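Worksheet: one structure, shown below.
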Amino acid sequence: MARLHLLAMAVSLAVLAWPASCKSARSVLAPVTKDPATRLYTIPFHYGANIVVDTAGPLVWSTCAPDHLPAAFPCKSDTCRLANKYHAPSCTESAADKLCDHSHKVCKAFPYNPVTGACAAGDLIHTRFVANTTDGKNPVSQVNVRAVAACAPSKLLESLPQGASGVAGLAGSDLALPAQVASAQKVSNKFLLCLPRGLSADPGVAVFGGGPLHFMAQPERDYTKELAYTPLVAKKGNPAHYITIKSIAVESARVPVPAQALATGGAVLCTRSPFTLLRSDVFLPLVDAFTKALAKQGAQGGPVAKAVKPYAPFQLCYDRRTLANTRIGYLVPAVTLTLGGGKNWTMDGLSLMVDMGPTTACLAFVQMQGVKGGDGSAPSVLIGGFQMENTVLEFDMKKKKRLGFARLPSFTQCSHFNFTTRSA
Ligand SMILES: *[C@@H]1O[C@H](CO)[C@@H](O)[C@H](O)[C@H]1NC(C)=O
Ligand SMILES: *[C@@H]1O[C@H](CO)[C@@H](O)[C@H](O)[C@H]1NC(C)=O
Ligand SMILES: *[C@@H]1O[C@H](CO)[C@@H](O)[C@H](O)[C@H]1NC(C)=O
């Protein structure tokens, strides 16, 4: 009798203790790997399948088994409506009359490839995102997160990293991965992204549900406490993460970018683009200011940078041997973006210069092709993966609708997250 009583007490204590001990570990962790060939980033989805991270993507999609069971999502269901709320501009197949598979009255979704822009019709299915929860320092325990994904034909994988089987859309839409993890795990609709430079095999990290976030070099330091914030700006008909750039400076001298160049279109964070793309009316004045500031460094006794033949897609390249190399990359003029709300996002040599070939380093900004100034619907700045690397980014879509950012100090990197489970 006494034993039974003790047992009952132990059970009820365990039940009481359970909510507290689990509460801090419901955020979901994913290692983020950079593919050297495409410079895109992938996360594991389940059982060996990797999917490409697309911060501007509205859906999760993958190639499904040919015999997959289409979940019965009727054409008129809420899920079907959400899956078809945003279509890629190229997606001409997605006319309203095609949303239904007419013979079965089941929903069709229209996943698209973020690199080629190709789009295809596919069923919506129930699937699972298999990952670990985290306390922000280590993985804690494995979870199966229920998710709705669209199926796509394998031809939609063209130009994606070898071995990738789909795309994880991380935009602000209801069927993007962050919102799905939020509802399944009862965490906030926000995520942390820390993209690796990819020079080592160690992955960077994504945390769905939010921080804290610690790295091995200083295990007590929580980088989510050091973020600067700028508002995320809602755009009609587009769930991607937009921010406002108020002005751009090179070595604290303001670049004469026409005011309306930054005001129209805004800036969007886009992992599908390996490097930052700038519309001509932003690109040309910035390159001019950068060239002059670098020449001035030389004239003031620094090394004299020797310009060399450009290396496509870049326009400004230098002989690496004529650039001073420091802890923060090549010693080049810093570029500062002053964001909405007044905080500065400063980029140093590590974020500005990319090595292309054995003797060449290029300014890692690319001029947008075929986009003229004044087209208010297209963003004037697409912040690409290279410029986001080794920076902790917090995308908060739920309440605050803001982007947090913090450049990691030079002694640590996004690939320094501790992926070893703490032994109980
Ligand atoms: C969870 O973490 C453990 C320990 O690092 C690892 O072995 C396992 O593969 C992880 N599981 C998933 C699904 O990532
Ligand atoms: C942001 O950068 C600009 C240009 O370098 C500078 O003038 C301004 O004082 C900075 N603002 C803050 C808050 O640091
Ligand atoms: C990683 O975390 C594990 C578990 O807490 C710990 O034993 C190990 O020392 C950590 N590794 C490093 C390099 O800090």
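By order in the structure tokens, chains are A, B, ...; within a chain, residues start at 1; ligands start at 1, following the order shown.
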
Exercise. Given a cut-off of 7 Å, what residues near ligand 1 show up using only C-alpha atoms and all ligand atoms, put as a list in words?
Worked result: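 If we count only C-alpha atoms and all ligand atoms, the neighbours of ligand 1 turn out to be Ala30, His46, Val130, Ala131, Asn132, Pro139, Ser141, Gln142, Phe419, Thr420 and Thr421 of chain A.
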
Enumerate residues in contact with ligand 3: an atom-to-atom distance of at most 9 Å, counting only C-alpha atoms and all ligand atoms. Format the result as a CSV table (one decimal) with C-alpha atoms, in the first residue's frame.
chain,number,residue,atom,x,y,z
A,137,LYS,CA,22.8,25.8,-26.3
A,138,ASN,CA,22.5,22.2,-27.4
A,139,PRO,CA,19.9,19.8,-29.0
A,215,PHE,CA,27.9,29.5,-29.3
A,216,MET,CA,30.7,27.4,-27.9
A,217,ALA,CA,33.4,30.1,-27.6
A,218,GLN,CA,31.5,31.9,-24.8
A,219,PRO,CA,28.8,29.5,-23.7
A,416,HIS,CA,30.1,27.2,-33.6
A,417,PHE,CA,26.8,26.0,-32.3
A,418,ASN,CA,27.2,23.0,-30.1
A,419,PHE,CA,25.2,20.2,-31.8
A,420,THR,CA,26.2,17.6,-29.1
A,421,THR,CA,23.3,16.6,-26.9
A,422,ARG,CA,23.9,17.2,-23.2
A,423,SER,CA,24.0,13.8,-21.4

Which residues of chain A have any atom within 6 Å of an atom in ligand 2 when counting only C-alpha atoms and all ligand atoms, and what is the closest pair of atoms for each, with the distance in Å to one decimal? Order the rows by chain and rising number and write it as CSV.
residue,atom,partner,partner_atom_place_in_ligand_line,distance
A:Ala249,CA,ligand 2,4 (C),5.1
A:Ser252,CA,ligand 2,5 (O),3.2
A:Thr336,CA,ligand 2,5 (O),5.9
A:Thr338,CA,ligand 2,1 (C),5.7
A:Lys343,CA,ligand 2,13 (C),5.4
A:Asn344,CA,ligand 2,1 (C),4.9

For this session: For Ile248 in chain A, work out the shell of residues within 9 Å, counting only C-alpha atoms and skipping chain neighbours fewer than 4 positions away, then give it as an MDAnalysis selection string.
Result: chainID A and resid 252:257 286 335:339

Would you mind exporting the chosen residues as a short mmCIF file (atom, residue, chain, number, x, y, z; two decimals), in the first residue's frame, restricted to N, CA, C and O atoms?
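Listed below is the output, out_19.cif:
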data_model
loop_
_atom_site.label_atom_id
_atom_site.label_comp_id
_atom_site.auth_asym_id
_atom_site.auth_seq_id
_atom_site.Cartn_x
_atom_site.Cartn_y
_atom_site.Cartn_z
N SER A 252 31.38 56.07 -43.19
CA SER A 252 30.58 57.12 -42.55
C SER A 252 30.33 58.36 -43.43
O SER A 252 29.76 59.33 -42.96
N ALA A 253 30.67 58.32 -44.72
CA ALA A 253 30.25 59.40 -45.63
C ALA A 253 29.04 58.91 -46.42
O ALA A 253 29.08 57.82 -47.00
N ARG A 254 27.98 59.69 -46.38
CA ARG A 254 26.74 59.27 -47.01
C ARG A 254 26.91 59.13 -48.52
O ARG A 254 27.45 60.00 -49.17
N VAL A 255 26.43 58.02 -49.06
CA VAL A 255 26.48 57.79 -50.51
C VAL A 255 25.31 58.53 -51.14
O VAL A 255 24.17 58.40 -50.68
N PRO A 256 25.58 59.33 -52.20
CA PRO A 256 24.49 60.10 -52.81
C PRO A 256 23.55 59.25 -53.66
O PRO A 256 23.54 59.35 -54.88
N VAL A 257 22.78 58.41 -52.97
CA VAL A 257 21.77 57.60 -53.66
C VAL A 257 20.51 58.46 -53.71
O VAL A 257 20.12 59.00 -52.68
N LEU A 286 27.04 53.60 -55.13
CA LEU A 286 27.74 52.88 -54.06
C LEU A 286 29.12 52.42 -54.54
O LEU A 286 30.13 52.59 -53.84
N VAL A 335 30.80 49.49 -45.31
CA VAL A 335 29.54 49.97 -45.88
C VAL A 335 28.48 49.86 -44.77
O VAL A 335 28.35 48.81 -44.14
N THR A 336 27.79 50.97 -44.51
CA THR A 336 26.78 50.98 -43.45
C THR A 336 25.41 51.25 -44.04
O THR A 336 25.22 52.23 -44.76
N LEU A 337 24.47 50.36 -43.73
CA LEU A 337 23.07 50.59 -44.10
C LEU A 337 22.38 51.14 -42.86
O LEU A 337 22.38 50.50 -41.81
N THR A 338 21.81 52.34 -42.95
CA THR A 338 21.00 52.85 -41.84
C THR A 338 19.56 52.43 -42.11
O THR A 338 18.99 52.76 -43.16
N LEU A 339 19.02 51.63 -41.19
CA LEU A 339 17.73 50.98 -41.42
C LEU A 339 16.59 51.77 -40.79
O LEU A 339 16.82 52.66 -39.96
#

For this session: Could you check which of A:Ala56, A:Cys100, A:Ala312, A:Met397 is closest to Tyr86 in chain A, using only C-alpha atoms?
Result: A:Ala56

For this session: Compare A:Pro274, A:Pro44, A:Gly341, A:Pro333 by their minimum atom-to-atom distance to Leu195 in chain A, counting only C-alpha atoms, and give me the closest one.
Result: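 Smallest separation from Leu195 in chain A among the options: A:Pro274.
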
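In the backbone-derived DSSP annotation, strand (DSSP E) within range 159-214 of chain A comprises Ala164, Ser165, Gly166, Val167, Ala168, Gly169, Lys190, Phe191, Leu192, Leu193, Cys194, Gly204, Val205, Ala206, Val207 and Phe208 of chain A.
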
Can you spit out the residues from that selection as a PDB file, in the first residue's frame, using N, CA and C atoms?
ATOM      1  N   ALA A 164      19.240  17.928 -52.753  1.00  0.00           N
ATOM      2  CA  ALA A 164      18.109  18.600 -52.111  1.00  0.00           C
ATOM      3  C   ALA A 164      16.819  18.075 -52.711  1.00  0.00           C
ATOM      4  N   SER A 165      15.781  17.926 -51.879  1.00  0.00           N
ATOM      5  CA  SER A 165      14.540  17.365 -52.409  1.00  0.00           C
ATOM      6  C   SER A 165      13.374  18.339 -52.304  1.00  0.00           C
ATOM      7  N   GLY A 166      13.672  19.604 -52.044  1.00  0.00           N
ATOM      8  CA  GLY A 166      12.564  20.556 -51.971  1.00  0.00           C
ATOM      9  C   GLY A 166      13.018  21.867 -51.372  1.00  0.00           C
ATOM     10  N   VAL A 167      12.059  22.646 -50.914  1.00  0.00           N
ATOM     11  CA  VAL A 167      12.335  23.985 -50.415  1.00  0.00           C
ATOM     12  C   VAL A 167      11.556  24.222 -49.122  1.00  0.00           C
ATOM     13  N   ALA A 168      12.237  24.828 -48.151  1.00  0.00           N
ATOM     14  CA  ALA A 168      11.569  25.263 -46.920  1.00  0.00           C
ATOM     15  C   ALA A 168      11.339  26.757 -47.037  1.00  0.00           C
ATOM     16  N   GLY A 169      10.125  27.157 -47.340  1.00  0.00           N
ATOM     17  CA  GLY A 169       9.795  28.574 -47.369  1.00  0.00           C
ATOM     18  C   GLY A 169       9.767  29.104 -45.938  1.00  0.00           C
ATOM     19  N   LYS A 190       8.378  32.997 -34.870  1.00  0.00           N
ATOM     20  CA  LYS A 190       9.618  33.695 -35.192  1.00  0.00           C
ATOM     21  C   LYS A 190      10.741  32.668 -35.319  1.00  0.00           C
ATOM     22  N   PHE A 191      11.826  33.061 -35.951  1.00  0.00           N
ATOM     23  CA  PHE A 191      12.954  32.128 -36.050  1.00  0.00           C
ATOM     24  C   PHE A 191      14.263  32.891 -36.085  1.00  0.00           C
ATOM     25  N   LEU A 192      15.296  32.176 -35.655  1.00  0.00           N
ATOM     26  CA  LEU A 192      16.660  32.710 -35.706  1.00  0.00           C
ATOM     27  C   LEU A 192      17.374  32.029 -36.850  1.00  0.00           C
ATOM     28  N   LEU A 193      18.179  32.798 -37.565  1.00  0.00           N
ATOM     29  CA  LEU A 193      18.938  32.230 -38.665  1.00  0.00           C
ATOM     30  C   LEU A 193      20.359  32.737 -38.552  1.00  0.00           C
ATOM     31  N   CYS A 194      21.319  31.809 -38.579  1.00  0.00           N
ATOM     32  CA  CYS A 194      22.723  32.184 -38.524  1.00  0.00           C
ATOM     33  C   CYS A 194      23.410  31.359 -39.617  1.00  0.00           C
ATOM     34  N   GLY A 204      25.869  26.001 -39.861  1.00  0.00           N
ATOM     35  CA  GLY A 204      25.296  27.085 -39.086  1.00  0.00           C
ATOM     36  C   GLY A 204      24.007  26.595 -38.449  1.00  0.00           C
ATOM     37  N   VAL A 205      23.142  27.531 -38.040  1.00  0.00           N
ATOM     38  CA  VAL A 205      22.017  27.101 -37.221  1.00  0.00           C
ATOM     39  C   VAL A 205      20.762  27.930 -37.495  1.00  0.00           C
ATOM     40  N   ALA A 206      19.612  27.216 -37.469  1.00  0.00           N
ATOM     41  CA  ALA A 206      18.312  27.899 -37.483  1.00  0.00           C
ATOM     42  C   ALA A 206      17.549  27.428 -36.259  1.00  0.00           C
ATOM     43  N   VAL A 207      16.836  28.320 -35.583  1.00  0.00           N
ATOM     44  CA  VAL A 207      16.023  27.937 -34.428  1.00  0.00           C
ATOM     45  C   VAL A 207      14.613  28.485 -34.638  1.00  0.00           C
ATOM     46  N   PHE A 208      13.650  27.566 -34.810  1.00  0.00           N
ATOM     47  CA  PHE A 208      12.265  27.968 -35.018  1.00  0.00           C
ATOM     48  C   PHE A 208      11.581  28.126 -33.662  1.00  0.00           C
TER      49      PHE A 208
END

Problem set entry | Polymer residues at most 9 Å from Lys108 in chain A, only C-alpha atoms, same-chain spacing of 3 or more positions, as a PyMOL selection string | chain A and resi 73+75+80+83-84+94+98-101+121-124+150

Problem set entry | Using only C-alpha atoms: which of A:Ile245, A:Leu278, A:Val106, A:Leu160 has the shortest distance to Tyr41 in chain A | A:Leu160

For this session: Point out the residue among A:Leu277, A:Ala179, A:Val308, A:Leu316 with the least atom-to-atom distance to Ala289 in chain A, counting only C-alpha atoms.
Result: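 The closest residue to Ala289 in chain A is A:Leu316.
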